>>> print(open('query.tsv').read())   # TSV, C-alpha atoms
chain	number	residue	atom	x	y	z
W	1	MET	CA	-109.11	23.81	-116.21
W	2	LEU	CA	-108.53	23.95	-119.93
W	3	ALA	CA	-107.84	20.91	-122.09
W	4	PRO	CA	-104.14	20.28	-122.78
W	5	LEU	CA	-104.82	20.23	-126.52
W	6	GLU	CA	-106.35	23.68	-126.44
W	7	ILE	CA	-103.42	24.97	-124.39
W	8	PHE	CA	-100.98	23.37	-126.83
W	9	LEU	CA	-102.68	24.88	-129.88
W	10	THR	CA	-102.93	28.33	-128.30
W	11	PHE	CA	-99.27	28.46	-127.30
W	12	ALA	CA	-98.32	27.03	-130.70
W	13	ARG	CA	-100.03	30.03	-132.26
W	14	VAL	CA	-98.11	32.35	-129.95
W	15	GLY	CA	-94.83	30.65	-130.84
W	16	ILE	CA	-95.32	30.48	-134.57
W	17	SER	CA	-96.53	34.09	-134.82
W	18	GLY	CA	-93.58	35.37	-132.83
W	19	PHE	CA	-91.37	36.80	-135.53
W	20	GLY	CA	-88.80	38.90	-133.70
W	21	GLY	CA	-89.79	37.44	-130.31
W	22	VAL	CA	-92.91	36.10	-128.63
W	23	ASN	CA	-93.35	38.67	-125.86
W	24	PHE	CA	-95.82	40.71	-127.87
W	25	TRP	CA	-97.85	37.72	-129.06
W	26	MET	CA	-98.16	36.13	-125.66
W	27	ARG	CA	-100.16	39.08	-124.36
W	28	ARG	CA	-102.00	39.58	-127.65
W	29	VAL	CA	-103.32	36.02	-127.78
W	30	LEU	CA	-103.78	35.17	-124.10
W	31	VAL	CA	-105.05	38.50	-122.76
W	32	GLN	CA	-106.67	40.24	-125.73
W	33	GLU	CA	-108.02	37.38	-127.82
W	34	LYS	CA	-108.65	34.48	-125.43
W	35	ARG	CA	-109.15	36.57	-122.27
W	36	TRP	CA	-107.67	33.77	-120.20
W	37	LEU	CA	-106.16	36.36	-117.85
W	38	THR	CA	-106.10	40.12	-117.29
W	39	ASP	CA	-103.30	42.57	-118.04
W	40	GLY	CA	-102.66	42.89	-114.31
W	41	GLU	CA	-102.27	39.13	-113.88
W	42	TYR	CA	-100.17	38.92	-117.02
W	43	VAL	CA	-97.71	41.54	-115.83
W	44	GLU	CA	-97.33	39.84	-112.43
W	45	GLY	CA	-96.55	36.58	-114.25
W	46	LEU	CA	-94.07	38.38	-116.46
W	47	ALA	CA	-92.40	39.76	-113.35
W	48	MET	CA	-91.92	36.26	-111.96
W	49	GLY	CA	-90.63	35.16	-115.38
W	50	GLN	CA	-87.98	37.87	-115.13
W	51	LEU	CA	-86.82	36.75	-111.69
W	52	ILE	CA	-86.34	33.11	-112.69
W	53	PRO	CA	-83.18	32.49	-114.75
W	54	GLY	CA	-83.68	31.72	-118.43
W	55	PRO	CA	-85.88	33.22	-121.13
W	56	ASN	CA	-88.63	35.13	-119.31
W	57	VAL	CA	-91.30	34.24	-121.88
W	58	TYR	CA	-90.43	30.58	-121.39
W	59	ASN	CA	-90.74	30.80	-117.60
W	60	LEU	CA	-94.01	32.65	-118.06
W	61	THR	CA	-95.19	29.89	-120.39
W	62	VAL	CA	-94.53	27.20	-117.78
W	63	MET	CA	-96.38	29.17	-115.09
W	64	LEU	CA	-99.34	30.11	-117.29
W	65	GLY	CA	-99.65	26.60	-118.71
W	66	HIS	CA	-99.79	25.31	-115.15
W	67	ARG	CA	-102.36	27.90	-114.17
W	68	PHE	CA	-104.60	27.02	-117.13
W	69	GLY	CA	-104.26	23.24	-117.01
W	70	GLY	CA	-102.09	21.92	-114.17
W	71	ALA	CA	-98.82	20.06	-114.74
W	72	LEU	CA	-100.08	18.60	-118.02
W	73	GLY	CA	-101.09	22.08	-119.12
W	74	ALA	CA	-97.58	23.35	-118.38
W	75	TRP	CA	-96.02	20.67	-120.59
W	76	ALA	CA	-98.60	21.30	-123.31
W	77	ALA	CA	-97.77	25.02	-123.24
W	78	ILE	CA	-94.01	24.34	-123.38
W	79	ALA	CA	-94.46	21.97	-126.33
W	80	GLY	CA	-96.70	24.43	-128.14
W	81	LEU	CA	-94.41	27.40	-127.66
W	82	PHE	CA	-91.20	25.56	-128.51
W	83	LEU	CA	-91.69	22.67	-130.90
W	84	PRO	CA	-93.13	24.35	-134.02
W	85	PRO	CA	-90.62	27.25	-133.95
W	86	LEU	CA	-87.84	24.76	-133.15
W	87	ALA	CA	-88.61	22.90	-136.37
W	88	VAL	CA	-88.50	26.15	-138.36
W	89	VAL	CA	-85.28	27.32	-136.73
W	90	ILE	CA	-83.55	23.96	-137.31
W	91	ALA	CA	-84.62	24.02	-140.96
W	92	LEU	CA	-83.16	27.52	-141.29
W	93	GLY	CA	-80.00	26.41	-139.50
W	94	LEU	CA	-79.52	23.52	-141.92
W	95	LEU	CA	-80.05	25.89	-144.86
W	96	TYR	CA	-77.53	28.25	-143.30
W	97	ARG	CA	-74.90	25.50	-143.16
W	98	HIS	CA	-75.16	25.25	-146.96
W	99	PHE	CA	-75.76	28.86	-147.94
W	100	SER	CA	-73.98	30.80	-145.26
W	101	ALA	CA	-74.30	34.30	-146.74
W	102	LEU	CA	-77.61	35.81	-145.90
W	103	PRO	CA	-77.78	39.49	-146.89
W	104	MET	CA	-81.50	39.23	-147.66
W	105	VAL	CA	-82.35	37.80	-144.26
W	106	GLN	CA	-80.40	40.61	-142.68
W	107	ALA	CA	-82.15	43.26	-144.78
W	108	ALA	CA	-85.55	41.78	-143.89
W	109	LEU	CA	-84.54	41.57	-140.24
W	110	ARG	CA	-83.58	45.24	-140.22
W	111	GLY	CA	-87.03	46.20	-141.44
W	112	MET	CA	-88.73	43.82	-139.01
W	113	THR	CA	-86.72	45.18	-136.10
W	114	PHE	CA	-88.39	48.58	-136.36
W	115	ILE	CA	-91.83	46.99	-136.38
W	116	VAL	CA	-91.04	44.74	-133.44
W	117	ALA	CA	-89.75	47.78	-131.53
W	118	GLY	CA	-93.13	49.44	-132.11
W	119	LEU	CA	-95.01	46.31	-131.03
W	120	LEU	CA	-92.99	46.03	-127.82
W	121	LEU	CA	-93.47	49.69	-126.96
W	122	ALA	CA	-97.24	49.39	-127.55
W	123	ASN	CA	-97.26	46.28	-125.37
W	124	ALA	CA	-95.38	48.10	-122.62
W	125	VAL	CA	-97.93	50.94	-122.71
W	126	ALA	CA	-100.79	48.44	-122.39
W	127	LEU	CA	-99.10	46.67	-119.48
W	128	ALA	CA	-98.30	49.93	-117.69
W	129	ARG	CA	-102.01	50.87	-117.63
W	130	PRO	CA	-103.09	48.48	-114.82
W	131	LEU	CA	-100.21	49.57	-112.54
W	132	PRO	CA	-101.58	51.25	-109.41
W	133	ARG	CA	-101.66	55.05	-109.49
W	134	ARG	CA	-99.07	55.50	-106.80
W	135	LEU	CA	-95.58	56.95	-106.84
W	136	ALA	CA	-93.55	53.79	-106.17
W	137	PRO	CA	-94.48	51.59	-109.19
W	138	TRP	CA	-94.05	54.41	-111.68
W	139	LEU	CA	-90.79	55.49	-110.10
W	140	PHE	CA	-89.37	51.97	-110.41
W	141	LEU	CA	-90.62	51.71	-113.99
W	142	ALA	CA	-88.90	55.00	-114.87
W	143	LEU	CA	-85.65	54.08	-113.08
W	144	THR	CA	-85.53	50.71	-114.86
W	145	PHE	CA	-86.00	52.36	-118.23
W	146	ALA	CA	-83.41	55.03	-117.44
W	147	GLY	CA	-80.83	52.47	-116.32
W	148	VAL	CA	-81.30	49.77	-118.95
W	149	GLY	CA	-82.79	51.68	-121.88
W	150	LEU	CA	-81.07	55.06	-121.71
W	151	LEU	CA	-77.81	54.49	-119.82
W	152	HIS	CA	-77.22	50.92	-121.13
W	153	TRP	CA	-76.27	49.61	-117.70
W	154	PRO	CA	-76.24	45.81	-117.34
W	155	LEU	CA	-79.73	44.50	-116.69
W	156	ILE	CA	-78.61	42.32	-113.81
W	157	LEU	CA	-77.12	45.31	-111.95
W	158	VAL	CA	-80.19	47.47	-112.48
W	159	MET	CA	-82.52	44.70	-111.34
W	160	GLY	CA	-80.29	43.84	-108.41
W	161	ALA	CA	-80.23	47.44	-107.26
W	162	LEU	CA	-83.93	48.23	-107.74
W	163	ALA	CA	-85.67	44.94	-106.91
W	164	PRO	CA	-85.10	44.97	-103.10
W	165	PHE	CA	-86.53	48.49	-102.81
W	166	ALA	CA	-89.41	47.74	-105.19
W	167	VAL	CA	-90.34	44.61	-103.25
W	168	ALA	CA	-89.98	46.42	-99.91
W	169	ALA	CA	-92.33	49.17	-101.12
W	170	ALA	CA	-94.87	46.58	-102.29
W	171	TRP	CA	-94.47	44.72	-98.97
W	172	ARG	CA	-95.41	47.84	-97.01
W	173	GLU	CA	-98.32	48.45	-99.33
W	174	ALA	CA	-99.56	44.85	-99.01
W	175	GLY	CA	-99.40	45.18	-95.23
W	176	SER	CA	-101.37	48.40	-95.14
W	177	GLN	CA	-104.04	46.83	-97.36
W	178	ARG	CA	-104.33	43.92	-95.01
W	179	ARG	CA	-105.00	46.21	-92.03
W	180	PRO	CA	-107.26	48.99	-93.31
W	181	GLY	CA	-106.70	52.27	-91.55
W	182	ALA	CA	-103.41	51.19	-90.01
O	1	MET	CA	-56.29	15.18	-119.67
O	2	THR	CA	-59.03	13.17	-121.30
O	3	GLU	CA	-60.78	14.75	-124.24
O	4	VAL	CA	-64.34	15.82	-123.47
O	5	PRO	CA	-66.75	15.53	-126.44
O	6	VAL	CA	-67.67	18.92	-127.88
O	7	TRP	CA	-71.40	18.45	-127.29
O	8	LEU	CA	-70.81	17.66	-123.64
O	9	ALA	CA	-68.58	20.69	-123.14
O	10	LEU	CA	-71.25	22.81	-124.84
O	11	PHE	CA	-73.99	21.36	-122.69
O	12	TRP	CA	-72.14	21.92	-119.44
O	13	GLN	CA	-71.06	25.50	-120.19
O	14	PHE	CA	-74.46	26.57	-121.52
O	15	PHE	CA	-76.20	24.82	-118.64
O	16	LEU	CA	-74.14	26.76	-116.07
O	17	LEU	CA	-74.73	30.04	-117.89
O	18	CYS	CA	-78.47	29.45	-118.23
O	19	CYS	CA	-78.67	28.74	-114.49
O	20	ILE	CA	-77.53	32.31	-113.78
O	21	SER	CA	-79.30	34.08	-116.66
O	22	VAL	CA	-81.70	36.14	-114.57
O	23	GLY	CA	-83.49	38.56	-116.91
O	24	GLY	CA	-83.13	36.36	-119.98
O	25	THR	CA	-80.47	34.57	-122.02
O	26	ASN	CA	-79.33	37.86	-123.54
O	27	THR	CA	-77.66	38.65	-120.23
O	28	VAL	CA	-75.23	35.73	-120.69
O	29	LEU	CA	-74.81	36.20	-124.45
O	30	PRO	CA	-71.35	37.80	-124.04
O	31	ASP	CA	-70.18	34.80	-121.99
O	32	MET	CA	-71.51	32.33	-124.56
O	33	HIS	CA	-69.75	34.32	-127.27
O	34	ARG	CA	-66.50	34.21	-125.32
O	35	PHE	CA	-66.78	30.45	-124.87
O	36	VAL	CA	-67.59	29.35	-128.43
O	37	VAL	CA	-65.82	32.08	-130.45
O	38	GLU	CA	-62.86	33.30	-128.42
O	39	GLU	CA	-61.86	30.36	-126.22
O	40	HIS	CA	-62.57	27.44	-128.55
O	41	ALA	CA	-62.89	29.05	-131.99
O	42	TRP	CA	-65.65	26.55	-132.85
O	43	ILE	CA	-67.42	29.21	-134.92
O	44	THR	CA	-66.40	32.64	-136.19
O	45	ASP	CA	-67.61	35.99	-135.02
O	46	ARG	CA	-69.53	36.40	-138.27
O	47	GLN	CA	-71.26	33.03	-137.92
O	48	PHE	CA	-72.23	33.86	-134.35
O	49	ALA	CA	-73.82	37.13	-135.47
O	50	ASP	CA	-75.54	35.45	-138.44
O	51	LEU	CA	-77.06	32.71	-136.29
O	52	TYR	CA	-78.30	35.26	-133.79
O	53	ALA	CA	-79.94	37.25	-136.61
O	54	LEU	CA	-81.47	34.08	-138.08
O	55	ALA	CA	-83.11	33.16	-134.77
O	56	GLN	CA	-84.41	36.71	-134.34
O	57	ALA	CA	-85.98	36.70	-137.78
O	58	ALA	CA	-87.53	33.24	-137.34
O	59	PRO	CA	-90.76	32.80	-135.37
O	60	GLY	CA	-90.57	31.68	-131.77
O	61	PRO	CA	-88.61	32.58	-128.65
O	62	ASN	CA	-85.41	34.44	-129.55
O	63	ALA	CA	-83.51	32.22	-127.13
O	64	LEU	CA	-83.70	29.49	-129.78
O	65	TRP	CA	-80.48	30.91	-131.21
O	66	VAL	CA	-78.65	28.64	-128.75
O	67	THR	CA	-80.07	25.69	-130.71
O	68	LEU	CA	-78.58	27.10	-133.89
O	69	VAL	CA	-75.19	27.61	-132.26
O	70	GLY	CA	-75.21	23.99	-131.09
O	71	LEU	CA	-76.32	22.74	-134.50
O	72	GLN	CA	-73.60	24.68	-136.29
O	73	ILE	CA	-70.86	23.51	-133.92
O	74	ALA	CA	-71.71	19.86	-133.32
O	75	GLY	CA	-74.66	18.85	-135.52
O	76	TRP	CA	-77.71	17.18	-133.98
O	77	GLN	CA	-75.94	16.30	-130.75
O	78	GLY	CA	-74.88	19.90	-130.38
O	79	ALA	CA	-78.39	21.19	-131.07
O	80	ALA	CA	-79.85	18.84	-128.47
O	81	ALA	CA	-77.12	19.74	-125.97
O	82	THR	CA	-77.59	23.51	-126.11
O	83	THR	CA	-81.39	23.32	-126.28
O	84	LEU	CA	-81.60	21.09	-123.20
O	85	ALA	CA	-79.05	23.25	-121.40
O	86	LEU	CA	-81.38	26.18	-122.03
O	87	LEU	CA	-84.61	24.46	-121.04
O	88	ILE	CA	-83.69	22.29	-118.04
O	89	PRO	CA	-82.81	25.06	-115.54
O	90	SER	CA	-85.75	27.24	-116.57
O	91	THR	CA	-88.24	24.40	-116.43
O	92	ALA	CA	-87.04	23.12	-113.05
O	93	LEU	CA	-86.96	26.58	-111.46
O	94	SER	CA	-90.36	27.54	-112.90
O	95	PHE	CA	-91.93	24.39	-111.49
O	96	ALA	CA	-90.25	25.13	-108.14
O	97	ALA	CA	-91.77	28.62	-108.19
O	98	ILE	CA	-95.19	27.11	-108.98
O	99	ALA	CA	-94.85	24.70	-106.05
O	100	LEU	CA	-94.00	27.55	-103.66
O	101	HIS	CA	-96.89	29.58	-104.97
O	102	THR	CA	-99.34	26.68	-104.70
O	103	ARG	CA	-98.33	26.03	-101.11
O	104	ARG	CA	-98.80	29.61	-99.97
O	105	PRO	CA	-100.67	31.51	-102.70
O	106	HIS	CA	-101.44	34.54	-100.55
O	107	SER	CA	-98.20	34.95	-98.61
O	108	ARG	CA	-97.40	38.59	-98.09
O	109	PHE	CA	-93.90	38.11	-99.48
O	110	GLY	CA	-95.20	36.41	-102.64
O	111	ILE	CA	-97.64	39.25	-103.27
O	112	ALA	CA	-94.96	41.87	-102.57
O	113	LEU	CA	-92.55	40.09	-104.92
O	114	ARG	CA	-95.02	39.93	-107.83
O	115	ARG	CA	-96.32	43.47	-107.37
O	116	GLY	CA	-92.92	44.94	-106.66
O	117	ILE	CA	-91.19	43.45	-109.69
O	118	ALA	CA	-94.12	44.11	-112.06
O	119	PRO	CA	-93.18	47.75	-112.80
O	120	ILE	CA	-89.57	46.69	-113.34
O	121	ALA	CA	-90.76	44.11	-115.89
O	122	VAL	CA	-92.75	46.81	-117.70
O	123	GLY	CA	-89.73	49.12	-117.58
O	124	LEU	CA	-87.65	46.36	-119.14
O	125	MET	CA	-90.19	45.98	-121.94
O	126	PHE	CA	-89.98	49.72	-122.67
O	127	SER	CA	-86.20	49.33	-122.66
O	128	SER	CA	-86.29	46.38	-125.09
O	129	GLY	CA	-88.42	48.31	-127.56
O	130	TRP	CA	-86.27	51.40	-127.23
O	131	LEU	CA	-82.94	49.53	-127.53
O	132	LEU	CA	-84.17	47.62	-130.60
O	133	LEU	CA	-85.12	50.89	-132.23
O	134	ARG	CA	-81.79	52.54	-131.39
O	135	SER	CA	-79.71	49.53	-132.45
O	136	ALA	CA	-81.27	49.32	-135.88
O	137	SER	CA	-80.67	52.81	-137.23
O	138	GLU	CA	-80.58	56.55	-136.73
O	139	GLN	CA	-82.58	57.26	-139.90
O	140	TRP	CA	-86.01	58.85	-139.78
O	141	GLN	CA	-87.51	56.07	-141.94
O	142	GLY	CA	-86.88	53.55	-139.19
O	143	TYR	CA	-88.50	55.72	-136.54
O	144	ALA	CA	-91.45	56.23	-138.89
O	145	LEU	CA	-91.92	52.46	-139.23
O	146	THR	CA	-91.84	52.06	-135.45
O	147	LEU	CA	-94.38	54.84	-135.03
O	148	VAL	CA	-96.68	53.23	-137.62
O	149	ALA	CA	-96.48	49.87	-135.84
O	150	PHE	CA	-97.03	51.46	-132.42
O	151	VAL	CA	-100.12	53.40	-133.50
O	152	ALA	CA	-101.55	50.56	-135.63
O	153	VAL	CA	-101.37	48.08	-132.73
O	154	LEU	CA	-102.94	50.43	-130.20
O	155	ARG	CA	-105.58	51.96	-132.50
O	156	THR	CA	-106.57	49.39	-135.15
O	157	ARG	CA	-107.57	45.74	-135.36
O	158	LEU	CA	-105.00	44.99	-138.05
O	159	ASN	CA	-103.23	41.65	-137.56
O	160	PRO	CA	-99.65	42.61	-136.55
O	161	LEU	CA	-98.28	39.85	-138.80
O	162	TRP	CA	-99.04	42.21	-141.71
O	163	LEU	CA	-96.98	44.90	-140.03
O	164	ILE	CA	-94.05	42.52	-139.58
O	165	ALA	CA	-94.30	41.36	-143.21
O	166	GLY	CA	-94.45	44.99	-144.32
O	167	GLY	CA	-91.38	45.79	-142.22
O	168	ALA	CA	-89.47	42.88	-143.75
O	169	ALA	CA	-90.49	44.06	-147.24
O	170	CYS	CA	-89.29	47.61	-146.45
O	171	GLY	CA	-85.95	46.15	-145.35
O	172	VAL	CA	-85.51	44.03	-148.48
O	173	ALA	CA	-86.54	46.97	-150.69
O	174	GLY	CA	-83.85	49.10	-149.06
O	175	PHE	CA	-86.27	51.65	-147.58
O	176	VAL	CA	-84.69	51.35	-144.13
>>> encode(input="query.tsv", output="structure tokens")
Amino acid sequence: MLAPLEIFLTFARVGISGFGGVNFWMRRVLVQEKRWLTDGEYVEGLAMGQLIPGPNVYNLTVMLGHRFGGALGAWAAIAGLFLPPLAVVIALGLLYRHFSALPMVQAALRGMTFIVAGLLLANAVALARPLPRRLAPWLFLALTFAGVGLLHWPLILVMGALAPFAVAAAWREAGSQRRPGA
Amino acid sequence: MTEVPVWLALFWQFFLLCCISVGGTNTVLPDMHRFVVEEHAWITDRQFADLYALAQAAPGPNALWVTLVGLQIAGWQGAAATTLALLIPSTALSFAAIALHTRRPHSRFGIALRRGIAPIAVGLMFSSGWLLLRSASEQWQGYALTLVAFVAVLRTRLNPLWLIAGGAACGVAGFV
């Protein structure tokens, strides 16, 4: 078990670094720098974060905080991820109420967007690596990307259509692992 | 009909939407937009887009834009209302998932669920990166920036904050 303070500080670093979103930084800090979990474990947590309603990085934060430090760890992780950025965002929001035109923020955001796209794609490549070398996982990865990324179908429809088959395939696989040779 | 305070109406609507936002708050963004811009005209289309952009540019989870919407519409009470509406369902459901997992950590269904959804989660991350890239521009300069970031992260030890700062500078300078 890790100390709540260390969990808080680590997730605070994830939150405050997360310009353009924290998805990239969560893996960077927890898997690459701290080595608190592997890519394989991270991607399974991310999957659960997707299934639970709400921001998936937030759900992942609750689950990882709990894994690292129990219930207290979960609250420490939530506080770390949310409170420092919340303060920044509220400060920006108050500024916005007084100076509502923000062409410079939008220009900066445009430039940042391209970088964040690159970071997310690199992250996706790293997370795809530990997937088992079998047909099913890669097929579901490709179908998800085709549906959501290329065809712009609603995420909820794509997930709803693919998830039962993906879970069924993994269920069969888990069963055959349990009984070797069966 | 008695008048419901704005912050309470905000809380209740956002709470309901967050309860069904499987896949992230972006999936219910159109419904939130319809509620605050079209139905109630509490903020304008332009303000909605600005606040979304502001939260994207700021550090932290992108979902924090709901805090900004609440703040803009109803001040501190509004900010608290939308933020809690976002966090309460997620927190409760995540703890419920933890409890299930703790009780039966090696259930075959739990393992199948995590392993089955994992490739879909990775596919969604590819989609997010791709959609961000496509939404921003069709110009080659933008694709070049993305390629630089992609290669730098995979091949070098450079702190990605420098990349993000560089991207912001390119945007302000009018390069992309």
>>> closest_residue(input="query.tsv", among="W:Met1, W:Val43, W:Leu83, W:Leu151", to="chain O", atoms="all atoms listed in the file")
W:Val43
>>> closest_residue(input="query.tsv", among="O:Leu64, O:Ala49, O:Leu84, O:Leu16", to="chain W", atoms="only C-alpha atoms")
O:Leu64
>>> interface_residues(input="query.tsv", of="chain O", to="chain W", cutoff="6 Å", atoms="only C-alpha atoms", output="ChimeraX atom specification")
/O:18-25,56-62,68,90,94,112-114,116-123,125-127,129,132-133,142,145-146,149-150,164,167-168,170-172
>>> atom_distance(input="query.tsv", atom1="CA of Thr44 (chain O)", atom2="CA of His98 (chain W)")
15.7 Å
>>> closest_residue(input="query.tsv", among="W:Leu157, W:Gly70, W:Pro130, W:Ala3", to="Ile98 (chain O)", atoms="all atoms listed in the file")
W:Gly70
